[in-house]
Amino acid sequence: MLLWLIIFVSGWTLSLGSETEPDFTWHLSRIPQVVSEKTIHLASPTFQADAAAVKATVCGIECQEELPAPSLSQLEDFLSYETVFENGTRTLTRVKVQGLVLEPTQNSSIKGARPRRRRQVYGTDSRFSILDKRFLTNFPFNTAVKLSTGCSGALVSPNHVLTAAHCVHDGKDYVKGSKKLRVGVLKMRNKGGRKKRRGSRRSRREAESGGQSPEHPQESTTQRPGKKSRRGPRVAQGRPSFQWTRVKSTHIPKGWARGENGDPALDFDYALLELKRAQKQQHMELGVSPTISKLPGGRIHFSGFDNDRDDQLVYRFCSVSEESNDLLYQYCDAEAGSTGSGIYLRLKEPGQKNWKRKIIAVYSGHQWVDVHGVQKDYNVAVRITPLKYAQICLWIHGNAANCAYG
């Protein structure tokens, strides 16, 4: 509990101390539009690929600095997308990009970054298992979900989950089990094993944390005015377990799903899953990924279901070491199972005092990349750029008109 207080109070203090810093604000701007042009039917996939971490084509930081900016036609090809449905049918949708101003590539990394260390989990494990039941089923932790293929994901609307493309597709074919893909959301269940009913009495046992919240460590549970509690704070009874929902359709950009036309590009390792049943809990909105200098403390956060923690939700935060136009290179401790997690920030709303979390990247996993002629390993995340924001927003809303600003 003491560690919880140290970590979250320090993060809270950092946020409060940065309220006058104009850089730590969500800057909404008009983004290009990705518009569906035509959809054609494709042959049904075989669903025979192995569900394993895919070593996609990784152009390292030095390589990216030398690359020319992609042409408009190349971008439209990368952003065209496949949709596979629960009955096994598949379509390809060609898109057009509107309102994009092409600029010279600026895939440069941050100079003078601190020395890099080799790690997935290295030295002291800085991950934290979220065991308090109230935190598990409340925002932001309840936006993390588990895929039946073994990955994690993030709820970005009542009906949609953002995850890594490699969790369902290896670049050539869809992975085994993805035809009947399911998404697991942690729910509280009573001692009898059934789902906890709304309004049911909460357990009288005290929380292991002493009733304190990681977001507001000094707050206590609400009591009636003038009435003192004899038993202390109460939490929901029972234990958390996964409530599984079938996936209705899956969208994957052609930049990843290359088929026999080439290797998948790590820059496009993201996918959106449409659920058959809407979820009632709060979701986390998308945001365009800012540069490292706009990250409070230079840090990112994400939660997922690491395989070595037996279905526990695992939270972590760390500083970003390097960045390119499409990728964040970092050393957040993470194990298999956490890939596909939504990486988020907490920044101020424009013109307001309140702070808001948004997902700005998707955790892709561990990769070896060329860094100035030397092979280095990082844990890598795919940034949500303005174009990717427009594409994912189109998948969610089905209409580019709803995705003008991000």
# chains A, B, ... in the order shown; residues from 1 in each chain; ligands from 1

$ residues_around --residues "Lys358 of chain A" --least-positions-apart "6" --cutoff "9 Å" --atoms "only C-alpha atoms" --output "PyMOL selection string"
chain A and resi 284-288+343-347

$ write_last_selection --atoms "all heavy atoms" --output "compact mmCIF listing (two decimals), in the first residue's frame"
# COMPACT_ATOMS: atom_id res chain seq x y z
N MET A 284 -12.16 4.75 -23.02
CA MET A 284 -11.16 5.80 -23.11
C MET A 284 -11.10 6.31 -24.54
O MET A 284 -11.01 5.53 -25.49
CB MET A 284 -9.78 5.28 -22.67
CG MET A 284 -8.80 6.42 -22.37
SD MET A 284 -7.18 5.87 -21.74
CE MET A 284 -7.64 5.13 -20.19
N GLU A 285 -11.14 7.62 -24.69
CA GLU A 285 -11.14 8.22 -26.02
C GLU A 285 -9.75 8.15 -26.65
O GLU A 285 -8.73 7.97 -25.97
CB GLU A 285 -11.59 9.68 -25.93
CG GLU A 285 -13.03 9.86 -25.47
CD GLU A 285 -13.42 11.31 -25.41
OE1 GLU A 285 -12.68 12.17 -25.96
OE2 GLU A 285 -14.47 11.61 -24.81
N LEU A 286 -9.72 8.34 -27.97
CA LEU A 286 -8.47 8.40 -28.70
C LEU A 286 -7.94 9.83 -28.71
O LEU A 286 -8.69 10.80 -28.64
CB LEU A 286 -8.67 7.94 -30.15
CG LEU A 286 -9.11 6.51 -30.38
CD1 LEU A 286 -9.35 6.28 -31.87
CD2 LEU A 286 -8.09 5.53 -29.85
N GLY A 287 -6.63 9.94 -28.83
CA GLY A 287 -5.98 11.23 -28.99
C GLY A 287 -4.81 11.11 -29.94
O GLY A 287 -4.24 10.03 -30.10
N VAL A 288 -4.45 12.19 -30.59
CA VAL A 288 -3.28 12.20 -31.46
C VAL A 288 -2.03 12.25 -30.59
O VAL A 288 -1.94 13.05 -29.66
CB VAL A 288 -3.32 13.39 -32.43
CG1 VAL A 288 -2.04 13.48 -33.24
CG2 VAL A 288 -4.52 13.26 -33.37
N ILE A 343 -1.82 2.63 -24.86
CA ILE A 343 -0.93 3.52 -24.13
C ILE A 343 -1.59 4.88 -24.03
O ILE A 343 -2.04 5.44 -25.02
CB ILE A 343 0.44 3.61 -24.81
CG1 ILE A 343 1.17 2.26 -24.67
CG2 ILE A 343 1.27 4.74 -24.27
CD1 ILE A 343 2.50 2.19 -25.34
N TYR A 344 -1.63 5.42 -22.81
CA TYR A 344 -2.39 6.65 -22.63
C TYR A 344 -1.60 7.71 -21.87
O TYR A 344 -0.60 7.45 -21.22
CB TYR A 344 -3.71 6.37 -21.91
CG TYR A 344 -3.61 5.84 -20.51
CD1 TYR A 344 -3.53 6.69 -19.41
CD2 TYR A 344 -3.63 4.46 -20.27
CE1 TYR A 344 -3.46 6.19 -18.12
CE2 TYR A 344 -3.56 3.96 -18.97
CZ TYR A 344 -3.48 4.83 -17.91
OH TYR A 344 -3.41 4.34 -16.63
N LEU A 345 -2.11 8.94 -21.99
CA LEU A 345 -1.59 10.10 -21.28
C LEU A 345 -2.73 10.78 -20.55
O LEU A 345 -3.91 10.58 -20.86
CB LEU A 345 -0.98 11.12 -22.25
CG LEU A 345 0.15 10.70 -23.16
CD1 LEU A 345 0.53 11.85 -24.08
CD2 LEU A 345 1.35 10.26 -22.33
N ARG A 346 -2.36 11.63 -19.61
CA ARG A 346 -3.32 12.46 -18.89
C ARG A 346 -2.90 13.91 -19.06
O ARG A 346 -1.92 14.36 -18.46
CB ARG A 346 -3.37 12.05 -17.42
CG ARG A 346 -4.42 12.76 -16.58
CD ARG A 346 -4.49 12.11 -15.20
NE ARG A 346 -5.44 12.77 -14.31
CZ ARG A 346 -5.09 13.65 -13.39
NH1 ARG A 346 -3.81 13.98 -13.24
NH2 ARG A 346 -6.00 14.20 -12.61
N LEU A 347 -3.63 14.64 -19.89
CA LEU A 347 -3.32 16.04 -20.17
C LEU A 347 -4.54 16.92 -19.89
O LEU A 347 -5.66 16.43 -19.75
CB LEU A 347 -2.91 16.22 -21.64
CG LEU A 347 -1.67 15.45 -22.12
CD1 LEU A 347 -1.43 15.72 -23.59
CD2 LEU A 347 -0.45 15.79 -21.30

$ residues_around --residues "Pro140 of chain A" --least-positions-apart "6" --cutoff "9 Å" --atoms "only C-alpha atoms" --output "list of chain:residue names"
A:Gln282, A:His283, A:Met284, A:Arg357

$ residues_around --residues "Val168 of chain A" --least-positions-apart "3" --cutoff "12 Å" --atoms "only C-alpha atoms" --output "ChimeraX atom specification"
/A:45,47-54,83-84,147-153,162-165,171-182,247,249-252,256-257,269-273,339-340

$ write_last_selection --atoms "C-alpha atoms" --output "compact mmCIF listing (two decimals), in the first residue's frame"
# COMPACT_ATOMS: atom_id res chain seq x y z
CA PRO A 45 -9.05 -16.44 -44.94
CA PHE A 47 -7.23 -18.69 -40.10
CA GLN A 48 -4.12 -20.87 -39.87
CA ALA A 49 -1.42 -18.45 -38.73
CA ASP A 50 0.20 -19.02 -35.35
CA ALA A 51 -0.68 -16.51 -32.64
CA ALA A 52 2.80 -15.36 -31.74
CA ALA A 53 4.74 -12.12 -31.63
CA VAL A 54 5.53 -11.21 -35.23
CA THR A 83 -12.54 -6.35 -42.62
CA VAL A 84 -13.15 -9.93 -41.56
CA LEU A 147 -8.39 -11.17 -26.17
CA SER A 148 -9.02 -14.90 -26.55
CA THR A 149 -5.87 -15.05 -28.70
CA GLY A 150 -3.80 -14.10 -25.65
CA CYS A 151 -3.28 -10.35 -26.14
CA SER A 152 -4.64 -7.27 -24.43
CA GLY A 153 -6.67 -4.37 -25.79
CA LEU A 162 -8.30 -1.18 -30.05
CA THR A 163 -5.48 -3.73 -30.09
CA ALA A 164 -2.36 -4.73 -32.01
CA ALA A 165 -2.83 -6.16 -35.51
CA GLY A 171 0.75 -10.15 -41.97
CA LYS A 172 -0.05 -13.11 -44.23
CA ASP A 173 -3.14 -14.71 -42.68
CA TYR A 174 -5.44 -14.46 -39.67
CA VAL A 175 -4.30 -16.35 -36.60
CA LYS A 176 -5.89 -19.54 -35.34
CA GLY A 177 -8.87 -18.79 -33.16
CA SER A 178 -9.50 -15.32 -34.59
CA LYS A 179 -12.54 -16.51 -36.56
CA LYS A 180 -14.34 -16.96 -33.23
CA LEU A 181 -12.51 -14.15 -31.50
CA ARG A 182 -13.75 -13.10 -28.06
CA VAL A 247 -16.30 -10.04 -31.89
CA SER A 249 -15.89 -7.76 -37.17
CA THR A 250 -12.18 -6.90 -37.27
CA HIS A 251 -10.53 -4.05 -39.19
CA ILE A 252 -6.82 -4.20 -40.11
CA TRP A 256 -0.03 -4.61 -41.91
CA ALA A 257 -2.15 -7.17 -43.77
CA ASP A 269 0.50 -2.85 -36.07
CA TYR A 270 -2.98 -1.88 -34.88
CA ALA A 271 -6.50 -3.22 -35.37
CA LEU A 272 -10.04 -2.40 -34.27
CA LEU A 273 -12.53 -5.01 -33.07
CA THR A 339 0.80 -6.49 -26.39
CA GLY A 340 -2.19 -4.67 -27.82

$ residues_around --residues "Arg299 of chain A" --least-positions-apart "4" --cutoff "6 Å" --atoms "only C-alpha atoms" --output "list of chain:residue names"
A:Leu295, A:Cys318, A:Ser319

$ write_last_selection --atoms "N, CA, C and O atoms" --output "JSON list (two decimals), in the first residue's frame"
[["chain", "number", "residue", "atom", "x", "y", "z"],
["A", 295, "LEU", "N", 4.91, 15.29, -23.18],
["A", 295, "LEU", "CA", 4.47, 14.27, -22.22],
["A", 295, "LEU", "C", 4.83, 14.71, -20.81],
["A", 295, "LEU", "O", 6.00, 15.00, -20.54],
["A", 318, "CYS", "N", 6.47, 4.49, -17.67],
["A", 318, "CYS", "CA", 7.90, 4.67, -17.88],
["A", 318, "CYS", "C", 8.11, 5.86, -18.80],
["A", 318, "CYS", "O", 7.17, 6.41, -19.37],
["A", 319, "SER", "N", 9.35, 6.27, -18.92],
["A", 319, "SER", "CA", 9.71, 7.37, -19.81],
["A", 319, "SER", "C", 9.96, 6.85, -21.23],
["A", 319, "SER", "O", 10.40, 5.71, -21.42]]

$ residues_around --residues "Ala43 of chain A" --least-positions-apart "6" --cutoff "9 Å" --atoms "only C-alpha atoms" --output "ChimeraX atom specification"
/A:89-91

$ write_last_selection --atoms "all heavy atoms" --output "mmCIF file, in the first residue's frame"
data_model
loop_
_atom_site.group_PDB
_atom_site.id
_atom_site.type_symbol
_atom_site.label_atom_id
_atom_site.label_comp_id
_atom_site.auth_asym_id
_atom_site.auth_seq_id
_atom_site.Cartn_x
_atom_site.Cartn_y
_atom_site.Cartn_z
ATOM 1 N N THR A 89 -16.321 -14.322 -43.723
ATOM 2 C CA THR A 89 -16.201 -13.554 -44.957
ATOM 3 C C THR A 89 -15.249 -12.381 -44.753
ATOM 4 O O THR A 89 -15.003 -11.936 -43.629
ATOM 5 C CB THR A 89 -17.569 -13.048 -45.430
ATOM 6 O OG1 THR A 89 -18.142 -12.217 -44.398
ATOM 7 C CG2 THR A 89 -18.509 -14.210 -45.717
ATOM 8 N N ARG A 90 -14.730 -11.882 -45.877
ATOM 9 C CA ARG A 90 -13.706 -10.836 -45.794
ATOM 10 C C ARG A 90 -13.886 -9.835 -46.925
ATOM 11 O O ARG A 90 -14.242 -10.207 -48.043
ATOM 12 C CB ARG A 90 -12.324 -11.474 -45.869
ATOM 13 C CG ARG A 90 -11.159 -10.496 -45.802
ATOM 14 C CD ARG A 90 -9.820 -11.210 -45.759
ATOM 15 N NE ARG A 90 -9.627 -12.162 -46.838
ATOM 16 C CZ ARG A 90 -8.452 -12.443 -47.405
ATOM 17 N NH1 ARG A 90 -7.363 -11.814 -46.987
ATOM 18 N NH2 ARG A 90 -8.360 -13.334 -48.357
ATOM 19 N N THR A 91 -13.640 -8.557 -46.631
ATOM 20 C CA THR A 91 -13.723 -7.504 -47.647
ATOM 21 C C THR A 91 -12.456 -6.650 -47.599
ATOM 22 O O THR A 91 -11.727 -6.633 -46.606
ATOM 23 C CB THR A 91 -14.944 -6.602 -47.432
ATOM 24 O OG1 THR A 91 -14.832 -5.962 -46.145
ATOM 25 C CG2 THR A 91 -16.239 -7.385 -47.520
#

$ closest_residue --among "A:Arg127, A:Lys356, A:His397, A:Lys376" --to "Phe139 of chain A" --atoms "only C-alpha atoms"
A:Lys356

$ select_by_dssp --residues "segment 251-367 of chain A" --states "helix (DSSP H, G or I)" --output "list of chain:residue names"
A:Gly259, A:Glu260, A:Asn261, A:Leu266, A:Asp267, A:Phe268, A:Ile292, A:Ser293, A:Lys294, A:Pro296, A:Gly297, A:Gly298, A:Asn307, A:Asp308, A:Arg309

$ write_last_selection --atoms "C-alpha atoms" --output "PDB file, in the first residue's frame"
ATOM      1  CA  GLY A 259      -0.713 -11.002 -47.653  1.00  0.00           C
ATOM      2  CA  GLU A 260       1.737 -12.278 -50.256  1.00  0.00           C
ATOM      3  CA  ASN A 261       2.657  -8.739 -51.318  1.00  0.00           C
ATOM      4  CA  LEU A 266       5.418  -2.280 -37.694  1.00  0.00           C
ATOM      5  CA  ASP A 267       4.096   1.261 -38.203  1.00  0.00           C
ATOM      6  CA  PHE A 268       0.656  -0.294 -38.887  1.00  0.00           C
ATOM      7  CA  ILE A 292       8.035  13.514 -26.175  1.00  0.00           C
ATOM      8  CA  SER A 293       8.410  17.120 -25.036  1.00  0.00           C
ATOM      9  CA  LYS A 294       4.628  17.320 -24.527  1.00  0.00           C
ATOM     10  CA  PRO A 296       4.217  15.139 -18.504  1.00  0.00           C
ATOM     11  CA  GLY A 297       7.466  13.850 -17.056  1.00  0.00           C
ATOM     12  CA  GLY A 298       8.156  12.286 -20.466  1.00  0.00           C
ATOM     13  CA  ASN A 307       1.062 -13.873 -19.160  1.00  0.00           C
ATOM     14  CA  ASP A 308       3.299 -14.272 -16.114  1.00  0.00           C
ATOM     15  CA  ARG A 309       0.705 -12.757 -13.746  1.00  0.00           C
TER      16      ARG A 309
END

$ residues_around --residues "Glu76 of chain A" --least-positions-apart "2" --cutoff "8 Å" --atoms "only C-alpha atoms" --output "PyMOL selection string"
chain A and resi 72-74+78-80+94-97

$ write_last_selection --atoms "all heavy atoms" --output "PDB file, in the first residue's frame"
ATOM      1  N   LEU A  72       1.153  10.291 -51.571  1.00  0.00           N
ATOM      2  CA  LEU A  72      -0.259  10.194 -51.223  1.00  0.00           C
ATOM      3  C   LEU A  72      -0.828   8.840 -51.615  1.00  0.00           C
ATOM      4  O   LEU A  72      -1.590   8.229 -50.847  1.00  0.00           O
ATOM      5  CB  LEU A  72      -1.044  11.317 -51.905  1.00  0.00           C
ATOM      6  CG  LEU A  72      -2.552  11.350 -51.633  1.00  0.00           C
ATOM      7  CD1 LEU A  72      -2.828  11.508 -50.154  1.00  0.00           C
ATOM      8  CD2 LEU A  72      -3.214  12.469 -52.433  1.00  0.00           C
ATOM      9  N   SER A  73      -0.454   8.339 -52.785  1.00  0.00           N
ATOM     10  CA  SER A  73      -0.971   7.035 -53.225  1.00  0.00           C
ATOM     11  C   SER A  73      -0.463   5.909 -52.330  1.00  0.00           C
ATOM     12  O   SER A  73      -1.190   4.951 -52.050  1.00  0.00           O
ATOM     13  CB  SER A  73      -0.569   6.774 -54.683  1.00  0.00           C
ATOM     14  OG  SER A  73       0.845   6.739 -54.822  1.00  0.00           O
ATOM     15  N   GLN A  74       0.781   6.012 -51.834  1.00  0.00           N
ATOM     16  CA  GLN A  74       1.296   5.007 -50.906  1.00  0.00           C
ATOM     17  C   GLN A  74       0.536   5.037 -49.587  1.00  0.00           C
ATOM     18  O   GLN A  74       0.189   3.987 -49.035  1.00  0.00           O
ATOM     19  CB  GLN A  74       2.788   5.233 -50.666  1.00  0.00           C
ATOM     20  CG  GLN A  74       3.678   4.872 -51.835  1.00  0.00           C
ATOM     21  CD  GLN A  74       5.130   5.220 -51.581  1.00  0.00           C
ATOM     22  OE1 GLN A  74       5.440   6.286 -51.021  1.00  0.00           O
ATOM     23  NE2 GLN A  74       6.042   4.338 -51.975  1.00  0.00           N
ATOM     24  N   PHE A  78      -1.611   2.024 -47.815  1.00  0.00           N
ATOM     25  CA  PHE A  78      -1.377   1.543 -46.456  1.00  0.00           C
ATOM     26  C   PHE A  78      -2.640   1.638 -45.601  1.00  0.00           C
ATOM     27  O   PHE A  78      -2.897   0.784 -44.750  1.00  0.00           O
ATOM     28  CB  PHE A  78      -0.263   2.354 -45.788  1.00  0.00           C
ATOM     29  CG  PHE A  78       1.097   2.137 -46.386  1.00  0.00           C
ATOM     30  CD1 PHE A  78       2.038   3.164 -46.403  1.00  0.00           C
ATOM     31  CD2 PHE A  78       1.453   0.911 -46.929  1.00  0.00           C
ATOM     32  CE1 PHE A  78       3.293   2.971 -46.950  1.00  0.00           C
ATOM     33  CE2 PHE A  78       2.708   0.710 -47.483  1.00  0.00           C
ATOM     34  CZ  PHE A  78       3.626   1.735 -47.493  1.00  0.00           C
ATOM     35  N   LEU A  79      -3.427   2.698 -45.794  1.00  0.00           N
ATOM     36  CA  LEU A  79      -4.602   2.951 -44.966  1.00  0.00           C
ATOM     37  C   LEU A  79      -5.862   2.257 -45.472  1.00  0.00           C
ATOM     38  O   LEU A  79      -6.876   2.241 -44.757  1.00  0.00           O
ATOM     39  CB  LEU A  79      -4.857   4.454 -44.853  1.00  0.00           C
ATOM     40  CG  LEU A  79      -3.775   5.242 -44.096  1.00  0.00           C
ATOM     41  CD1 LEU A  79      -4.009   6.736 -44.240  1.00  0.00           C
ATOM     42  CD2 LEU A  79      -3.745   4.853 -42.625  1.00  0.00           C
ATOM     43  N   SER A  80      -5.824   1.718 -46.685  1.00  0.00           N
ATOM     44  CA  SER A  80      -6.914   0.835 -47.103  1.00  0.00           C
ATOM     45  C   SER A  80      -6.925  -0.342 -46.139  1.00  0.00           C
ATOM     46  O   SER A  80      -5.902  -0.660 -45.526  1.00  0.00           O
ATOM     47  CB  SER A  80      -6.702   0.361 -48.536  1.00  0.00           C
ATOM     48  OG  SER A  80      -6.772   1.468 -49.435  1.00  0.00           O
ATOM     49  N   ARG A  94     -10.989   0.226 -50.176  1.00  0.00           N
ATOM     50  CA  ARG A  94     -10.029   1.217 -50.637  1.00  0.00           C
ATOM     51  C   ARG A  94     -10.451   2.586 -50.136  1.00  0.00           C
ATOM     52  O   ARG A  94     -11.633   2.894 -50.076  1.00  0.00           O
ATOM     53  CB  ARG A  94      -9.966   1.224 -52.168  1.00  0.00           C
ATOM     54  CG  ARG A  94      -9.410  -0.053 -52.773  1.00  0.00           C
ATOM     55  CD  ARG A  94      -7.936  -0.211 -52.465  1.00  0.00           C
ATOM     56  NE  ARG A  94      -7.363  -1.405 -53.075  1.00  0.00           N
ATOM     57  CZ  ARG A  94      -6.113  -1.794 -52.881  1.00  0.00           C
ATOM     58  NH1 ARG A  94      -5.308  -1.074 -52.099  1.00  0.00           N
ATOM     59  NH2 ARG A  94      -5.652  -2.891 -53.439  1.00  0.00           N
ATOM     60  N   VAL A  95      -9.457   3.404 -49.748  1.00  0.00           N
ATOM     61  CA  VAL A  95      -9.772   4.709 -49.177  1.00  0.00           C
ATOM     62  C   VAL A  95      -9.078   5.820 -49.954  1.00  0.00           C
ATOM     63  O   VAL A  95      -8.105   5.596 -50.679  1.00  0.00           O
ATOM     64  CB  VAL A  95      -9.351   4.784 -47.693  1.00  0.00           C
ATOM     65  CG1 VAL A  95     -10.017   3.694 -46.883  1.00  0.00           C
ATOM     66  CG2 VAL A  95      -7.832   4.736 -47.537  1.00  0.00           C
ATOM     67  N   LYS A  96      -9.593   7.018 -49.784  1.00  0.00           N
ATOM     68  CA  LYS A  96      -8.978   8.239 -50.265  1.00  0.00           C
ATOM     69  C   LYS A  96      -8.675   9.124 -49.068  1.00  0.00           C
ATOM     70  O   LYS A  96      -9.439   9.169 -48.103  1.00  0.00           O
ATOM     71  CB  LYS A  96      -9.897   8.984 -51.241  1.00  0.00           C
ATOM     72  CG  LYS A  96     -10.015   8.320 -52.610  1.00  0.00           C
ATOM     73  CD  LYS A  96      -8.701   8.403 -53.369  1.00  0.00           C
ATOM     74  CE  LYS A  96      -8.822   7.844 -54.781  1.00  0.00           C
ATOM     75  NZ  LYS A  96      -7.518   7.879 -55.503  1.00  0.00           N
ATOM     76  N   VAL A  97      -7.557   9.827 -49.133  1.00  0.00           N
ATOM     77  CA  VAL A  97      -7.171  10.757 -48.074  1.00  0.00           C
ATOM     78  C   VAL A  97      -7.427  12.171 -48.564  1.00  0.00           C
ATOM     79  O   VAL A  97      -6.962  12.558 -49.639  1.00  0.00           O
ATOM     80  CB  VAL A  97      -5.697  10.579 -47.689  1.00  0.00           C
ATOM     81  CG1 VAL A  97      -5.280  11.634 -46.666  1.00  0.00           C
ATOM     82  CG2 VAL A  97      -5.456   9.185 -47.132  1.00  0.00           C
TER      83      VAL A  97
END

$ atom_distance --atom1 "atom CA of Asp326 of chain A" --atom2 "atom CA of Gly398 of chain A"
24.0 Å

$ atom_distance --atom1 "atom CA of Ser241 of chain A" --atom2 "atom CA of Asp132 of chain A"
13.3 Å

$ decode --residues "segment 169-193 of chain A" --atoms "C-alpha atoms" --output "mmCIF file, in the first residue's frame"
data_model
loop_
_atom_site.group_PDB
_atom_site.id
_atom_site.type_symbol
_atom_site.label_atom_id
_atom_site.label_comp_id
_atom_site.auth_asym_id
_atom_site.auth_seq_id
_atom_site.Cartn_x
_atom_site.Cartn_y
_atom_site.Cartn_z
ATOM 1 C CA HIS A 169 -3.110 -11.404 -38.119
ATOM 2 C CA ASP A 170 0.531 -12.269 -38.815
ATOM 3 C CA GLY A 171 0.754 -10.154 -41.966
ATOM 4 C CA LYS A 172 -0.055 -13.106 -44.229
ATOM 5 C CA ASP A 173 -3.142 -14.706 -42.683
ATOM 6 C CA TYR A 174 -5.437 -14.463 -39.673
ATOM 7 C CA VAL A 175 -4.297 -16.346 -36.602
ATOM 8 C CA LYS A 176 -5.887 -19.539 -35.342
ATOM 9 C CA GLY A 177 -8.872 -18.789 -33.158
ATOM 10 C CA SER A 178 -9.500 -15.324 -34.585
ATOM 11 C CA LYS A 179 -12.540 -16.513 -36.558
ATOM 12 C CA LYS A 180 -14.337 -16.955 -33.234
ATOM 13 C CA LEU A 181 -12.507 -14.148 -31.501
ATOM 14 C CA ARG A 182 -13.749 -13.101 -28.058
ATOM 15 C CA VAL A 183 -12.969 -10.176 -25.781
ATOM 16 C CA GLY A 184 -12.920 -10.562 -21.994
ATOM 17 C CA VAL A 185 -13.902 -7.685 -19.696
ATOM 18 C CA LEU A 186 -13.294 -7.957 -15.952
ATOM 19 C CA LYS A 187 -16.580 -7.858 -14.026
ATOM 20 C CA MET A 188 -17.382 -8.290 -10.368
ATOM 21 C CA ARG A 189 -19.245 -11.460 -9.470
ATOM 22 C CA ASN A 190 -20.762 -12.460 -6.159
ATOM 23 C CA LYS A 191 -19.723 -15.470 -4.124
ATOM 24 C CA GLY A 192 -22.247 -17.637 -5.929
ATOM 25 C CA GLY A 193 -20.397 -17.043 -9.180
#
